[in-house]
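Everything below concerns the one structure shown next.
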Amino acid sequence: MVLPRAFSLLRLLAEEPSGLNLSAIAAHLDAPKSSLSATLKALTEQGFLIRTGSLYTLGPESYALASTILAGRSIRQIARPHLEQAVEASGETVLLAVLDADQRHFTYIDLVESPKSVRYSVAVGTRRPLYATSCGRLFLAYQSDAWRQKYFSDVDMKPVTEKTVTGVAALEDLLAKIQDEGLSVTLGDFSPDVAGFSSPIFNSEGEMIAALAVAMPVSRGIQQQDKFRETAIQSAQSLSRTFGYKEKPETG
């Protein structure tokens, strides 16, 4: 029980940057103070925790370990288990996308295909425009107003299908809704027979670093929208937490 408890303790303190005392830690972990004291002492001696008065916070060794782990793995490697879990939950193809250097397109850097015979399929490395796609609109939504205005002035937003939104005002309304919901949905906007449900992935600084998309034939997307919405949002939120993102509490 010592190792699992140590991991639980580190995760707890990672979520409480101001620190907790022994009593609060014991209450959160539902563990006796006597055994926790020994764990806290050992982690403090090794530099994984710092004790200031009665409060314990994460120490330099915890941050060094986290940095080493993340530095040795790419976004793609870290995200892969989450993509696989999302496929199990949805039954559909799940993709990981990042913004291109030109800031006019995004690229799929990984995917796990649906096991169904009729499924959405695309090659890793495929690029797509931002304005007409579910992932692309996410990247637009989480940029500054000035960034978006420059994009709108530089890019010729031609219709790709009859459902493609190309007007700046209409697209701005869509982007505001995406920010509000944390979800971007397309039903035939880029390809007439494809639906996409995408949600943003954030890092510890609150920056959007990637998008997770669940994609399928448009008929299934229309029929099971609630399921795919939930899968995209929950999967992206789980991955964001892995990157150290902490959601801000809602204010009433």
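Chains: A, B, ... in order of the structure tokens. Residues: from 1 per chain. Ligands: from 1, in order shown.
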I need the residues in stretch 5-226 of chain A that are strand (DSSP E or B) according to DSSP; give them as a VMD selection string.
chain A and resid 20 49 to 52 55 to 58 93 to 99 105 to 112 127 to 129 184 to 187 194 to 202 208 to 217
Find the spatial neighbours of A:Val165, counting only C-alpha atoms, within a cut-off of 8 Å - ignore same-chain residues fewer than 6 positions away - and output them as a ChimeraX atom specification.
/A:131-132,159,171,189
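Each of A:Ala31, A:Ile75, A:Leu83, A:Leu13 was checked against A:Ile50 using only C-alpha atoms; the smallest atom-to-atom distance is that of A:Leu13.
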Give me, as a tab-separated table (two decimals) with C-alpha atoms, in the first residue's frame, all polymer residues having an atom no more than 10 Å from A:Leu9, counting only C-alpha atoms and skipping those fewer than 6 positions away in the same chain.
```tsv
chain	number	residue	atom	x	y	z
A	3	LEU	CA	3.62	3.04	-3.30
A	25	ILE	CA	-4.16	14.90	3.63
A	26	ALA	CA	-5.42	12.09	5.85
A	28	HIS	CA	-8.60	13.43	1.51
A	29	LEU	CA	-6.92	10.02	1.23
A	36	LEU	CA	0.91	8.87	6.40
A	39	THR	CA	5.29	8.43	3.89
A	40	LEU	CA	5.42	12.22	4.17
A	43	LEU	CA	9.07	11.89	0.42
A	49	LEU	CA	7.85	17.24	-0.94
A	58	LEU	CA	5.44	19.45	-4.00
```
Could you pull the residues within 8 Å of stretch 193-196 of chain A, counting only C-alpha atoms, minus those fewer than 6 positions along the same chain, as an mmCIF file with C-alpha atoms, in the first residue's frame?
```
data_model
loop_
_atom_site.group_PDB
_atom_site.id
_atom_site.type_symbol
_atom_site.label_atom_id
_atom_site.label_comp_id
_atom_site.auth_asym_id
_atom_site.auth_seq_id
_atom_site.Cartn_x
_atom_site.Cartn_y
_atom_site.Cartn_z
ATOM 1 C CA TYR A 120 -13.884 7.284 -41.390
ATOM 2 C CA THR A 133 -13.387 21.481 -40.114
ATOM 3 C CA SER A 134 -14.235 20.581 -36.536
ATOM 4 C CA SER A 184 -16.717 21.693 -32.224
ATOM 5 C CA VAL A 185 -19.112 19.733 -34.458
ATOM 6 C CA THR A 186 -19.288 19.397 -38.227
ATOM 7 C CA LEU A 187 -21.957 17.416 -40.079
ATOM 8 C CA ALA A 213 -11.585 14.348 -32.842
ATOM 9 C CA VAL A 214 -14.119 11.551 -33.082
ATOM 10 C CA ALA A 215 -15.110 11.041 -36.748
ATOM 11 C CA MET A 216 -17.620 8.813 -38.486
ATOM 12 C CA PRO A 217 -20.053 8.604 -41.435
ATOM 13 C CA VAL A 218 -22.440 11.539 -41.183
ATOM 14 C CA SER A 219 -25.508 9.308 -40.778
ATOM 15 C CA GLY A 221 -22.980 11.216 -36.398
ATOM 16 C CA ILE A 222 -26.506 12.596 -36.675
#
```
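With distances taken over only C-alpha atoms, A:Ser117 is the one residue among A:His105, A:Asn21, A:Ser117, A:Glu181 lying closest to A:Thr93.
Distance-wise, atom CA of A:Met157 and atom CA of A:Pro192 end up 17.1 Å apart.
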